[in-house]
Amino acid sequence: ATDRTVPGSYYRPRRRPRPWTCTESPPPAASSSRSLPSPNPPPPTQEPRPAASDVRSDSGLTSPKKRKIHSAEREDSATEPVPSSPKAACHSSSSASCSANSSQHIQKKLRFEEPLDLLGLDVKMAEESPTASCSKAKSALLAAGVAHHANGLTKSAGSATFANSKPGAAKKLVIKNFKEKPKLPENYTHETWQKLKEAVEAIQNSTSIKYNLEELYQAVENLCSHKISAKLYKQLRVVCEDHIKAQIDQFREYPFRVLFLKKIDKCWQDHCRQMIMIRSIFLFLDRTYVLQNSMLPSIWDMGLELFRFYIISDLKVQSKTIDGILLLIERERSGEAIDRSLLRSLLSMLSDLQIYQDSFEQRFLEETNRLYAAEGQRLMQEREVPEYLHHVNKRLEEEADRVITYLDQSTQKPLIATVEKQLLGEHLTATLQKGLNHLLDENRIQDLSLLYQLFSRVRGGVQVLLQHWIEYIKAFGSTIVINPEKDKTMVQELLDFKDKVDSIIDVCFMKNEKFVNAMKEAFETFINKRPNKPAELIAKYVDSKLRAGNKEATDEELEKMLDKIMIIFRFIYGKDVFEAFYKKDLAKRLLVGKSASVDAEKSMLSKLKHECGAAFTSKLEGMFKDMELSKDIMVQFKQYMQCQNIPGNIELTVNILTMGYWPTYVPMEVHLPPEMVRLQEIFKTFYLGKHSGRKLQWQSTLGHCVLKAEFKEGKKELQVSLFQTLVLLMFNEGEEFCLEEIKLATGIEDSELRRTLQSLACGKARVLTKTPKSKDVEDGDKFSCNDDFKHKLFRIKINQIQMKETVEEQASTTERVFQDRQYQIDAAIVRIMKMRKTLSHNLLVSEVYNQLKFPVKPADLKKRIESLIDRDYMERDKENPNQYNYVA
């Protein structure tokens, strides 16, 4: 059985004197007699009485004698508790000398099988030797009532004998039952109860107690030992009940104010203090009689029941108390300072009385729900989203603090859930519609973090936030991609936007995988709303970063930029468009020597290969191989020129390009100077002599030259295209030429010639003078050499005007991509039909979509199927027109 604990500390009486002592007087007669306890026992003389916690047995309380017995060796501890009787008066006259060895010998041989009520036995000690010690007598007394054991001790009905016939032999202990139990003196019960009653009333009235607390404790023990426990318990209950009944009148008509709560609290504190004191006096009753009767409440629980029944259960008192507590909490929520210790004490009282949930918590949660429902509606209209979120967070912290400070822990979960529901759950969509776009546009990291934390607390909050997150990315990204005016800055804006959303996911959304996947899907959706254009612009952006003129970034920064580009590249469907434009720009960088870094070029190539596979980059890798082979060929050509001893001061450099690897260039026939024609023929003879069966086709549009020129300021070197070279060389033969004359002499196409003259006469480096002066070249314009040309550099690069060429190149590149896609569609259809032999239209379309890496319109796909039917690759089934058969 476990002890029933109460809050606070209780009175512990001093220890009683032991019933045995050793003196130096000679031993008396072997028999010992009993005497009844005195109503007023003398104060202890040897050592203090054991505390209440020290005199407990396995299931109750034992007397000091019993405790002494327990100190010896026991084998059977599962025995029924025996209520202790008044002290047995044992004569203190024993032998003058104590034999420690004999005592130890006896105690070793005795083993106790069951506890024994010493008050019901007559103990006789028979000794033959006059030198027997008090130690032996004491050991014999301890051995009283033991069971039969192998040590020679026997137990007979009503007595046990422990005898010795020879010195050193075992002694004989005779134990007899008393004929009758000792009786209490007349009027002892009544007089003792009156003393106890006076003490209880003194405690209740906060006056001094006339009697010693140890004496009162002893009196309760004496009454319990003589089977008066039930009557004593009932009398104590009546006294407590009468006192509590008398307290109720002071509360019924008391005004409803904070003073009423303080009055209730004082009454409760006084009651607890009184019951702790009363219980300490009646502790023996509480730990024996009450503990053995499971249907009876302990003295402390009895006090709680009475207080709950007569005071708190009164409708007026309970109503005023709960209303007062709720009023104080409402005042605190509105910002007023209140007595939190008073609230903590009152709510602790309700919890101890086990009416916290029924009387307070339900009403408290209802009031909380009503308060925050109204507050949420009002503040959503009045405040901006960041301010509202901070208010909600503050309210949640306040309610959590209330739970810690004065509310019961069981209230925490429903209370916080109520606040979250009314301030957040009811306004999820409204909050996001009102302020999410604003927070994201301004990159309000802290506010977004708070928003995510709060929405994570509400069921379904993260999912609602996720949907608005997707809608925001699609809407914002579409404004970047769809608007043609933003083509020049589209890729940079996409990279900045991607960095922004990545940062928000990492910092604000705690790297939630759902938000990462949603962001990827949203990017893929909006970036492909405008087919082909993003892919083209991404390729040109990479070209601008890989050119030699780009000095904005270090190698590490360039590598990071390429990694970011590849992330955007993954989202586009038209990867073949990217490949076409990237290949065209790469060819220019390689042929004109504009590449910033070969390492950066190969790094980008490896990234594309890893992303799209080896087939995607095979042609690009072939371009690099051609450039390396061309370098080797030029070394051999220079050696060939030296061996042939060919005169001339022109150096020729040729790049041999494999037609399948490089972009398709339109050949243009122009009138080259005789020196150039002669060098071309020499190289052709050299190359075809080493590689038979090949054909060389000169691409004049890709040629470039370095010219040495003399002006009044001095000598300069001009780095120009082949077309610009042909125009400038004409001015070695004359001073002035018109447009028609130049066109006839050079053979350059009209549009190309106009751009060439515009770059020489209207650009930054004007080595020619145009008459009349204008930005465009018109028919009849005349051109002459500008002898007054000045420039701070020695070698001057004159760029070709590319504006109109870019539009044409875009159209031609896009057209080539479209043609390539048609071939890929045809190949996919034939491949599928060859494997399946027979297939329905819907299944064929589905499998073609799965194989193609670019988007195809259903109408275009239908055209390709019809084209293959016309070319006898497949046919329609005669019985089912919606089914196709492969034609072998």
# chains A, B, ... in the order shown; residues from 1 in each chain; ligands from 1
$ residues_around --residues "stretch 657-672 of chain A" --least-positions-apart "3" --cutoff "9 Å" --atoms "only C-alpha atoms" --output "list in words"
Ala580, Lys583, Lys584, Ala587, Ser618, Lys619, Leu620, Glu621, Gly622, Met623, Asp626, Met627, Ser630, Glu675, Met676, Val677, Gln697, Trp698, Gln699, Ser700, Thr701, Leu702, Phe723, Leu726, Ala745, Thr746, Gly747, Ile748 and Glu749 of chain A
$ select_by_dssp --residues "stretch 467-585 of chain A" --states "helix (DSSP H, G or I)" --output "ChimeraX atom specification"
/A:467-482,484-486,490-507,513-527,533-546,555-571,575-585
$ atom_distance --atom1 "atom CA of A:Ile567" --atom2 "atom CA of A:Pro534"
13.1 Å
